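Trainee: Dropping the structure in here first, questions after.
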Amino acid sequence: ARLRLFTTTNMSADEIHNTGLAAVARIHEEMRAIMRQVYFTGDLAAFFQFMETDPRFYVADTADGRADYVRQATAAIDAMRARLPQYFGRLPRAPLEVRPVEPFRERAAGLAFYERPAADGSRPAIYYVNTFDVHAIATYQLEALAYHEGIPGHHMQIAIAQELEGVPRFRRFLTFYTAYTEGWGLYAERLGKEMGGYQDPYSEFGRLVLELRRAIRLVVDTGLHSKRWTRQQAIDYVLANQPAGEREAGRDIGRYIVNPGQATAYMVGQMEILRLREDARTAMGARFSLSGFHDAVLANGAVPLEVLGELVQDRPLHGVGRRRVDLRDRLARLVAVGVLGPAIPR
């Protein structure tokens, strides 16, 4: 039931678990290709250790070093912003700024997060980066984080949604379909590569690290709650398969223990968006437009993946307007059968 709630699919725990195992194996192979590209000698575990400890991948633990990280994040966002018209037909009107997390809350805040713009235009959207602990914000992950939280990630998704016209107000601000919202964020990390990002192989490794973490979530979440793994089994799996220390692994597993199913939504959502994209490309052939596909995915705000599939399939033939009218009854039916639940904190 929790998997159904968070993924808005009918995937079983076994299907999700095996999908995660396959994704972990695939990402490890892509990481080994980067190791060969940078002439690293040693196994994958040694490469993880190198990436976690080499000083070149961290800004200085000074005010100037923290400001430098913010400057680099701003540059990554600005580069993507300039390329948006090639990949999206509709662009958000709201501007996006990059700011460090304020001192009063930096100790407790997350590493990076997006704050939506004010609906009345009085405040821009903000991509916050937390520079409190410079050892937690490796620069090789900087691009992937910026693309996920900012452009082409949550800003394209959330700002466009709240600027929609002709839809009920709650749909403009709805974000609790985790598979859709975080699935798009993870998809945006990969889209950043197609848009010209990750020119440095270490940055591409950083993208893979973040994708790997989402793949591992499929394995350990279902391992804990369906296969009855112990907490230590789950921690050991994390430590054996991704760059992480004991403290970080324990923190992550604690999150999955207390909120079953939530962590599986990220990669399930990304995979469904990728599947819909390839299906559309195959069906439309030369008529396929990547910008048109992105507009279709973002044209109705946050929806369950089952509904997203219908919307994407219908858009090239019937347009968005008719489906927006039908969507009210469709959402009501999903509520009635228990697919849609209460708001989920992100």
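Note on naming: chains are A, B, ... as they come in the structure tokens, residues start from 1 per chain, ligands start from 1 in the order shown.
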What's around range 173-184 of chain A at 9 Å? Count only C-alpha atoms, leave out sequence neighbours fewer than 3 positions away in its own chain, and write the answer as a PyMOL selection string.
Mentor: chain A and resi 5-8+148+153-154+157-158+161-162+169-170+187-189+262-273+301-305+308+340+342-346
Trainee: Using only C-alpha atoms, which protein or nucleic acid residues come within 12 Å of range 31-41 of chain A? Drop anything in the same chain fewer than 6 positions from it, and give the result as an MDAnalysis selection string.
Mentor: chainID A and resid 24:25 47:51 200:212 241:243
Trainee: Do you have the CA of Tyr87 in chain A-CA of His294 in chain A distance handy?
Mentor: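 Atom-to-atom, CA of Tyr87 in chain A and CA of His294 in chain A are spaced 7.5 Å apart.
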Trainee: May I have all residues of range 55-214 of chain A that DSSP, computed from the backbone, assigns to strand (DSSP E or B), given as a list in words?
Mentor: Leu96, Glu97, Val98, Arg99, Pro100, Ala112, Phe113, Tyr114, Glu115, Ala125, Ile126, Tyr127, Tyr128 and Val129 of chain A
Trainee: Go ahead and write the residues just picked, N, CA, C and O atoms, as a CSV table (one decimal), in the first residue's frame.
Mentor:
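So the final result, stored in result.csv, reads:
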chain,number,residue,atom,x,y,z
A,96,LEU,N,14.8,32.9,-11.2
A,96,LEU,CA,15.4,32.0,-10.2
A,96,LEU,C,16.7,32.6,-9.7
A,96,LEU,O,17.5,33.0,-10.6
A,97,GLU,N,16.9,32.6,-8.4
A,97,GLU,CA,18.2,33.1,-7.9
A,97,GLU,C,18.9,32.0,-7.1
A,97,GLU,O,18.2,31.1,-6.6
A,98,VAL,N,20.2,32.0,-7.0
A,98,VAL,CA,20.9,31.1,-6.2
A,98,VAL,C,21.4,31.8,-4.9
A,98,VAL,O,22.0,32.9,-5.0
A,99,ARG,N,21.2,31.3,-3.8
A,99,ARG,CA,21.6,31.9,-2.5
A,99,ARG,C,22.1,30.9,-1.5
A,99,ARG,O,21.6,29.7,-1.6
A,100,PRO,N,23.0,31.3,-0.7
A,100,PRO,CA,23.4,30.4,0.4
A,100,PRO,C,22.3,30.3,1.5
A,100,PRO,O,21.6,31.3,1.7
A,112,ALA,N,20.8,21.2,-0.2
A,112,ALA,CA,20.4,22.0,-1.3
A,112,ALA,C,18.9,21.8,-1.5
A,112,ALA,O,18.4,20.7,-1.3
A,113,PHE,N,18.2,22.9,-1.7
A,113,PHE,CA,16.7,22.8,-1.9
A,113,PHE,C,16.2,24.0,-2.7
A,113,PHE,O,16.8,25.0,-2.8
A,114,TYR,N,15.0,23.8,-3.2
A,114,TYR,CA,14.3,24.8,-4.0
A,114,TYR,C,13.2,25.4,-3.2
A,114,TYR,O,12.4,24.7,-2.6
A,115,GLU,N,13.0,26.7,-3.3
A,115,GLU,CA,11.9,27.4,-2.7
A,115,GLU,C,11.1,28.1,-3.9
A,115,GLU,O,11.7,28.9,-4.6
A,125,ALA,N,11.9,32.7,-7.3
A,125,ALA,CA,12.3,31.3,-6.8
A,125,ALA,C,13.7,31.4,-6.4
A,125,ALA,O,14.5,32.2,-6.9
A,126,ILE,N,14.0,30.5,-5.4
A,126,ILE,CA,15.4,30.5,-4.9
A,126,ILE,C,15.9,29.1,-4.8
A,126,ILE,O,15.2,28.1,-4.4
A,127,TYR,N,17.1,28.9,-5.4
A,127,TYR,CA,17.8,27.6,-5.2
A,127,TYR,C,18.8,27.9,-4.0
A,127,TYR,O,19.8,28.7,-4.2
A,128,TYR,N,18.6,27.2,-2.9
A,128,TYR,CA,19.4,27.4,-1.8
A,128,TYR,C,20.5,26.3,-1.7
A,128,TYR,O,20.2,25.1,-1.9
A,129,VAL,N,21.7,26.8,-1.5
A,129,VAL,CA,22.8,25.8,-1.2
A,129,VAL,C,23.4,26.0,0.2
A,129,VAL,O,23.5,27.2,0.6
Trainee: For Gly245 in chain A, find every residue with an atom within 10 Å (counting only C-alpha atoms), except residues of its own chain fewer than 6 positions away, and show them as a list of chain:residue names.
Mentor: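 The residues that qualify are A:Gln49, A:Glu52, A:Ile235, A:Val238, A:Leu239.
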Trainee: Between CA of Val297 in chain A and CA of Ile216 in chain A, what distance in Å does the model show, to one decimal?
Mentor: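 Computed distance, CA of Val297 in chain A to CA of Ile216 in chain A, equals 25.9 Å.
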Trainee: To one decimal place, how far is CA of Gly20 in chain A from CA of Asp236 in chain A in Å?
Mentor: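 Pair CA of Gly20 in chain A / CA of Asp236 in chain A returns 15.9 Å.
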